[in-house]
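**Q** I have a structure I would like to understand better, so I am pasting it below and will then ask my questions one at a time.
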Amino acid sequence: MAMNYDLVVVGGGTGGYIAAIHAAQAGLKTAIVEKDKLGGTCLHKGCIPTKALLKSAAVYQQVKHAETYGVETGETSFHLETAMKRKNQVVATLYNGVQQLISSHKIDLYNGYGRILGPSIFSPMAGSISVEYEDDRENDILVPKNVLLATGSSPSSLSLVEVDHHLIVTSDDLVHLEQLPESIVIVGGGVIGIEWASFLHDVGVEVSVIEAQEQILPGFDQDIVKQVRQDLQKKGIHIYEQTLLKKVEADQDVTVTYQLTDKQESISADKLLLAVGRKANTHKIGVENTDMEMDAHGFIQVNNHFQTKEDHIYAIGDMIGGKQLAHVATYEGKKAVDHMIGVNSSSLTEQEMPSCVYSNPEIATIGLTEQAVQAKGLDYSVAKVSGLAIGKAHVNGNTNGFTKIITDNKTNDVLGIHMVGDQVTELIGQASTAKYFDSSVLELSEVIYPHPSLSEMIGEAALAAERRN
Ligand code: FAD
């Protein structure tokens, strides 16, 4: 039997389930089709489990150095099994919360694989959803007025590297790691690669990172990357940039051959993590039954309202490319629903979306990098304040890092705020607020920041920017 809905969301990850709640709150009869677990990558394989593990690593490091604070702890050791158990508990608690939210908003959940049908007996337009089940249940057919596609992304592959989920793994495998390897080679120095490098190193694994591009963390401000590279190398992480993978052999361990300028070298390690980006989940979702278009990288193309070429089929989140972040997917999902119901809400650009890396040291950034500002030919100034200038950083015992503000000399607008150091991922929300309200550096410098607090770093950097002339 076909079921009618105002909205069917395909994919119950961060973008999808929050959009569904937003729609239900607006009175739409809404269903979610999810093939696995509500919460998606972010809750089960990404943001939450990795940050829970990074927290364990941070506690381990802090306890190891506790004597500096006058605390005697004796011998310390790290137990992966316990850290994983704690991580699983955090995920389970949040998963429970998401399930409750979906049922309390009376959203129908179909636990199967969603595929878009072309025009059929159910509807003259493409966009009915067939829900296919793993067992021998018959497919359900959902006939919605609007569809929201939010099927997310999966780890990209490399032809040279065959993932066997044992010696050669992806980040999806590492969240279930049972035993720490002695050593690992991470191919790909983007956000995911660097966060895992930081965690694994901090709990005692020998880590090497191979990045094909000019710098690890491609796209991040070069000053920030310089500091992070230095810090990671100082800790003992081996970083190879502008380095091309030539051969990967897996037997008892993994041997990686790479091209470094004019010579080839090899390293062997117990495992290889492949972290070379993420591809859109569009396989077998029925794109061919519609007029929807994909770009050269396989991401679904949408307009400013997140409509595909079929204007009642919207797509959001990782599957449309751009910044593949949970809060970006959430924002896009809510905007798509607002457009469906005719609500005219504010529209933000990528420049107003913060990005964080939860490595040790942390990175948090919003707006244009200095390199992007230069490429645009803007007249700009840079102000920087070191953690050394901040009382609370001394109190905490971590003055490493800095905050950099890039200002437009013509308008006094903040073009970008880039931070590296302790807890900066907690501070960037203030920069987001500033960007949202289009603050000038003068306004940012006049805000009262509590003393002593790390937030003073933003005020000090804004003050330095104000005095730039
Ligand atoms: P997803 O969360 O991937 O959800 C897609 C859902 O669709 C999945 O549940 C999937 O099972 C389902 N699905 C797919 N196809 C179908 C189908 N045909 N039928 C039914 N269901 C289907 N972002 C941050 O902002 N902060 C972080 O700290 C962060 N850390 C990360 C760490 C790692 C290791 C990784 C991999 C990612 C991280 N991300 C982080 C990125 C973040 O997880 C994603 O940007 C976010 O999950 C995207 O949300 P989404 O809704 O687009 O897709």
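By convention here, the chains of the structure tokens are called A, B, ... in the order presented, each chain's residues are numbered starting at 1, and ligands are numbered starting at 1 in the order presented.
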Compute the set of protein, DNA and RNA residues whose minimum atom distance to ligand 1 is at most 7 Å, using only C-alpha atoms and all ligand atoms, and state it as an NGL selection string.
**A** :A and (10-16 or 33-42 or 45-48 or 50-51 or 112-115 or 150-153 or 171-172 or 192 or 281 or 284-285 or 316-319 or 324-327 or 329 or 356-358)
**Q** Applying 10 Å and only C-alpha atoms, which residues near segment 252-269 of chain A remain after dropping the ones on its own chain fewer than 2 positions away? List them as a PyMOL selection string.
**A** chain A and resi 161+167-168+181-187+206-208+210+212+240-250+271-272
**Q** Let's have the selection written as a CSV table (one decimal), in the first residue's frame, with C-alpha atoms.
**A**
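Below is the file that was written, out.csv:
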```
chain,number,residue,atom,x,y,z
A,161,VAL,CA,45.1,1.0,-1.8
A,167,LEU,CA,45.6,-4.0,7.9
A,168,ILE,CA,44.3,-1.3,5.7
A,181,PRO,CA,48.8,-0.9,16.7
A,182,GLU,CA,52.4,-0.1,17.4
A,183,SER,CA,52.6,2.0,14.3
A,184,ILE,CA,50.3,3.4,11.6
A,185,VAL,CA,50.7,5.2,8.3
A,186,ILE,CA,47.9,7.7,7.6
A,187,VAL,CA,47.4,8.4,3.9
A,206,GLU,CA,54.0,5.8,16.2
A,207,VAL,CA,52.3,7.8,13.5
A,208,SER,CA,53.3,8.9,9.9
A,210,ILE,CA,51.4,11.2,4.0
A,212,ALA,CA,49.9,14.7,-1.6
A,240,TYR,CA,55.3,14.0,4.6
A,241,GLU,CA,53.8,16.7,2.5
A,242,GLN,CA,53.8,17.0,-1.3
A,243,THR,CA,54.4,13.3,-1.2
A,244,LEU,CA,52.8,10.9,-3.7
A,245,LEU,CA,51.9,7.4,-2.9
A,246,LYS,CA,53.5,4.9,-5.3
A,247,LYS,CA,52.9,1.4,-3.9
A,248,VAL,CA,51.2,-0.2,-1.0
A,249,GLU,CA,51.9,-3.8,0.0
A,250,ALA,CA,50.0,-5.6,2.8
A,271,LYS,CA,48.3,-0.5,9.8
A,272,LEU,CA,47.4,2.0,7.1
```
**Q** Determine, for each residue of segment 298-325 of chain A having at least one atom at most 9 Å from an atom of segment 343-355 of chain A, the closest pair of atoms and their separation in Å to one decimal, counting only C-alpha atoms; order by chain and ascending number, as a Markdown table.
**A**
```
| residue | atom | partner | partner_atom | distance |
| --- | --- | --- | --- | --- |
| A:Asn304 | CA | A:Ser347 | CA | 8.8 |
| A:Gly322 | CA | A:Glu350 | CA | 8.3 |
| A:Lys323 | CA | A:Glu350 | CA | 7.5 |
| A:Leu325 | CA | A:Ser355 | CA | 7.8 |
```
**Q** Between A:Ala464, A:Val382, A:Ile363, A:Lys435, single out the one closest to Gln227 of chain A, counting only C-alpha atoms.
**A**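 That would be A:Ile363, the residue with the smallest distance to Gln227 of chain A.
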**Q** Output as CSV one row per residue of segment 185-301 of chain A within 12 Å of segment 60-81 of chain A: the closest atom pair and its distance in Å to one decimal place, counting only C-alpha atoms, sorted by chain and residue number ascending.
**A**
```
residue,atom,partner,partner_atom,distance
A:Ser198,CA,A:Gln61,CA,11.5
A:Phe199,CA,A:Gln61,CA,10.5
A:Leu200,CA,A:Leu80,CA,10.5
A:His201,CA,A:Gln61,CA,10.6
A:Asp202,CA,A:Gln61,CA,6.9
A:Val203,CA,A:Phe78,CA,6.5
A:Gly204,CA,A:Phe78,CA,8.5
A:Val205,CA,A:Phe78,CA,11.3
A:Lys235,CA,A:Gln61,CA,11.9
```
**Q** With C-alpha atoms retained, export the selected residues as a PDB file, in the first residue's frame.
**A**
```
ATOM      1  CA  SER A 198      46.627  13.229  17.055  1.00  0.00           C
ATOM      2  CA  PHE A 199      44.588  10.641  18.975  1.00  0.00           C
ATOM      3  CA  LEU A 200      46.759   7.679  18.032  1.00  0.00           C
ATOM      4  CA  HIS A 201      50.017   9.482  18.757  1.00  0.00           C
ATOM      5  CA  ASP A 202      48.777  10.763  22.117  1.00  0.00           C
ATOM      6  CA  VAL A 203      47.929   7.233  23.242  1.00  0.00           C
ATOM      7  CA  GLY A 204      51.325   5.858  22.246  1.00  0.00           C
ATOM      8  CA  VAL A 205      51.159   4.832  18.563  1.00  0.00           C
ATOM      9  CA  LYS A 235      55.502  15.517  19.511  1.00  0.00           C
TER      10      LYS A 235
END
```
**Q** DSSP on the backbone, helix (DSSP H, G or I) only: what residues of segment 21-182 of chain A does that give? Format it as a PyMOL selection string.
**A** chain A and resi 21-25+40-44+47-64+66-69+80-104+171-174
**Q** May I have the residues within 9 Å of Met84 of chain A as a VMD selection string, using only C-alpha atoms and disregarding those fewer than 3 positions away in the same chain?
**A** chain A and resid 49 52 to 53 79 to 81 87 to 89 175 to 178
**Q** Please produce, as JSON lines, a per-residue contact table for segment 281-387 of chain A versus segment 221-224 of chain A (criterion: any atom at most 7 Å away, only C-alpha atoms considered), showing the nearest atom pair and its distance in Å to one decimal, sorted by chain then residue number.
**A**
```
{"residue": "A:Thr369", "atom": "CA", "partner": "A:Asp221", "partner_atom": "CA", "distance": 4.9}
{"residue": "A:Glu370", "atom": "CA", "partner": "A:Asp221", "partner_atom": "CA", "distance": 6.3}
{"residue": "A:Gln371", "atom": "CA", "partner": "A:Asp221", "partner_atom": "CA", "distance": 6.9}
```
**Q** Keeping only C-alpha atoms, take the residues you just selected and write them out as a PDB file, in the first residue's frame.
**A**
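File produced: selection_1.pdb:
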```
ATOM      1  CA  THR A 369      41.975  32.529   4.986  1.00  0.00           C
ATOM      2  CA  GLU A 370      44.728  35.047   4.300  1.00  0.00           C
ATOM      3  CA  GLN A 371      45.499  33.170   1.069  1.00  0.00           C
TER       4      GLN A 371
END
```
**Q** Between atom CA of Tyr331 of chain A and atom CA of Val90 of chain A, what is the distance in Å, rounded to a tenth?
**A**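 Straight-line distance from atom CA of Tyr331 of chain A to atom CA of Val90 of chain A works out to 23.7 Å.
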**Q** Extract the full set of strand (DSSP E) residues from segment 344-421 of chain A according to DSSP on the backbone, and format it as a PyMOL selection string.
**A** chain A and resi 355-357+362-367+380-386+401-408+414-421
**Q** Suppose we keep N, CA, C and O atoms; can you now write the selection as a short mmCIF file (atom, residue, chain, number, x, y, z; two decimals), in the first residue's frame?
**A**
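The resulting file, part.cif, is reproduced below:
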```
data_model
loop_
_atom_site.label_atom_id
_atom_site.label_comp_id
_atom_site.auth_asym_id
_atom_site.auth_seq_id
_atom_site.Cartn_x
_atom_site.Cartn_y
_atom_site.Cartn_z
N SER A 355 34.67 25.99 11.07
CA SER A 355 35.24 24.63 10.91
C SER A 355 36.20 24.40 12.07
O SER A 355 36.97 25.29 12.42
N CYS A 356 36.17 23.19 12.60
CA CYS A 356 37.06 22.87 13.72
C CYS A 356 37.83 21.59 13.45
O CYS A 356 37.33 20.70 12.77
N VAL A 357 39.01 21.53 14.00
CA VAL A 357 39.79 20.28 14.01
C VAL A 357 40.09 20.02 15.47
O VAL A 357 40.63 20.89 16.16
N GLU A 362 44.11 22.09 19.10
CA GLU A 362 42.87 22.27 18.34
C GLU A 362 42.99 23.44 17.35
O GLU A 362 43.78 24.37 17.56
N ILE A 363 42.15 23.36 16.33
CA ILE A 363 42.06 24.46 15.35
C ILE A 363 40.59 24.86 15.25
O ILE A 363 39.71 24.00 15.26
N ALA A 364 40.35 26.17 15.12
CA ALA A 364 38.97 26.62 14.89
C ALA A 364 39.04 27.83 13.99
O ALA A 364 39.89 28.71 14.18
N THR A 365 38.19 27.86 13.00
CA THR A 365 38.33 28.90 12.00
C THR A 365 36.99 29.27 11.38
O THR A 365 36.08 28.44 11.31
N ILE A 366 36.87 30.52 10.96
CA ILE A 366 35.66 30.98 10.27
C ILE A 366 36.07 32.07 9.29
O ILE A 366 36.98 32.86 9.57
N GLY A 367 35.41 32.10 8.15
CA GLY A 367 35.68 33.16 7.17
C GLY A 367 36.84 32.82 6.25
O GLY A 367 37.26 31.67 6.14
N TYR A 380 43.74 44.33 3.00
CA TYR A 380 43.45 43.75 4.31
C TYR A 380 44.59 43.94 5.30
O TYR A 380 45.71 44.28 4.91
N SER A 381 44.28 43.74 6.58
CA SER A 381 45.31 43.73 7.62
C SER A 381 45.17 42.46 8.45
O SER A 381 44.06 41.90 8.55
N VAL A 382 46.28 42.08 9.06
CA VAL A 382 46.26 40.89 9.93
C VAL A 382 46.69 41.30 11.33
O VAL A 382 47.65 42.05 11.49
N ALA A 383 45.95 40.83 12.33
CA ALA A 383 46.39 41.03 13.72
C ALA A 383 46.45 39.66 14.38
O ALA A 383 45.58 38.81 14.14
N LYS A 384 47.49 39.47 15.19
CA LYS A 384 47.66 38.16 15.83
C LYS A 384 47.92 38.34 17.32
O LYS A 384 48.65 39.25 17.70
N VAL A 385 47.32 37.49 18.12
CA VAL A 385 47.62 37.51 19.55
C VAL A 385 48.00 36.10 19.98
O VAL A 385 47.28 35.14 19.68
N SER A 386 49.12 36.00 20.67
CA SER A 386 49.61 34.68 21.11
C SER A 386 48.93 34.28 22.42
O SER A 386 48.54 35.14 23.23
N GLY A 401 49.85 28.44 20.86
CA GLY A 401 48.83 28.82 19.88
C GLY A 401 48.59 30.30 19.79
O GLY A 401 49.22 31.10 20.50
N PHE A 402 47.68 30.67 18.90
CA PHE A 402 47.38 32.09 18.68
C PHE A 402 46.03 32.27 18.02
O PHE A 402 45.42 31.30 17.53
N THR A 403 45.58 33.51 18.02
CA THR A 403 44.36 33.89 17.29
C THR A 403 44.75 34.93 16.26
O THR A 403 45.50 35.86 16.56
N LYS A 404 44.23 34.76 15.05
CA LYS A 404 44.57 35.67 13.95
C LYS A 404 43.27 36.23 13.40
O LYS A 404 42.35 35.47 13.08
N ILE A 405 43.21 37.56 13.31
CA ILE A 405 42.02 38.19 12.72
C ILE A 405 42.43 38.90 11.44
O ILE A 405 43.43 39.65 11.43
N ILE A 406 41.68 38.64 10.39
CA ILE A 406 41.95 39.32 9.12
C ILE A 406 40.82 40.33 8.90
O ILE A 406 39.64 39.98 8.97
N THR A 407 41.21 41.59 8.67
CA THR A 407 40.22 42.67 8.58
C THR A 407 40.27 43.33 7.21
O THR A 407 41.36 43.51 6.64
N ASP A 408 39.12 43.70 6.73
CA ASP A 408 39.02 44.45 5.47
C ASP A 408 39.36 45.91 5.77
O ASP A 408 38.67 46.56 6.58
N VAL A 414 35.25 42.05 9.65
CA VAL A 414 36.08 40.87 9.93
C VAL A 414 35.97 39.93 8.73
O VAL A 414 34.87 39.48 8.38
N LEU A 415 37.09 39.64 8.10
CA LEU A 415 37.06 38.73 6.95
C LEU A 415 37.27 37.28 7.39
O LEU A 415 36.71 36.36 6.80
N GLY A 416 38.11 37.11 8.41
CA GLY A 416 38.36 35.75 8.88
C GLY A 416 38.93 35.76 10.27
O GLY A 416 39.62 36.70 10.67
N ILE A 417 38.58 34.72 11.05
CA ILE A 417 39.19 34.53 12.38
C ILE A 417 39.71 33.09 12.41
O ILE A 417 38.96 32.14 12.12
N HIS A 418 40.99 32.97 12.72
CA HIS A 418 41.63 31.65 12.70
C HIS A 418 42.34 31.45 14.03
O HIS A 418 43.12 32.30 14.45
N MET A 419 42.05 30.32 14.65
CA MET A 419 42.60 30.10 15.99
C MET A 419 43.25 28.72 16.07
O MET A 419 42.74 27.76 15.49
N VAL A 420 44.33 28.65 16.82
CA VAL A 420 44.94 27.35 17.10
C VAL A 420 45.36 27.36 18.56
O VAL A 420 45.85 28.38 19.05
N GLY A 421 45.14 26.25 19.25
CA GLY A 421 45.54 26.17 20.66
C GLY A 421 44.50 25.46 21.50
O GLY A 421 43.55 24.87 20.99
#
```
**Q** Between atom CA of Asp231 of chain A and atom CA of Ile428 of chain A, what is the spacing in Å?
**A**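 Interatomic distance here is 20.6 Å.
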**Q** Measuring atom to atom with only C-alpha atoms, identify which of A:Asp251, A:Leu149, A:Gly189, A:Asn139 is nearest to Ile300 of chain A.
**A**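 Among the listed residues, the smallest separation from Ile300 of chain A belongs to A:Leu149.
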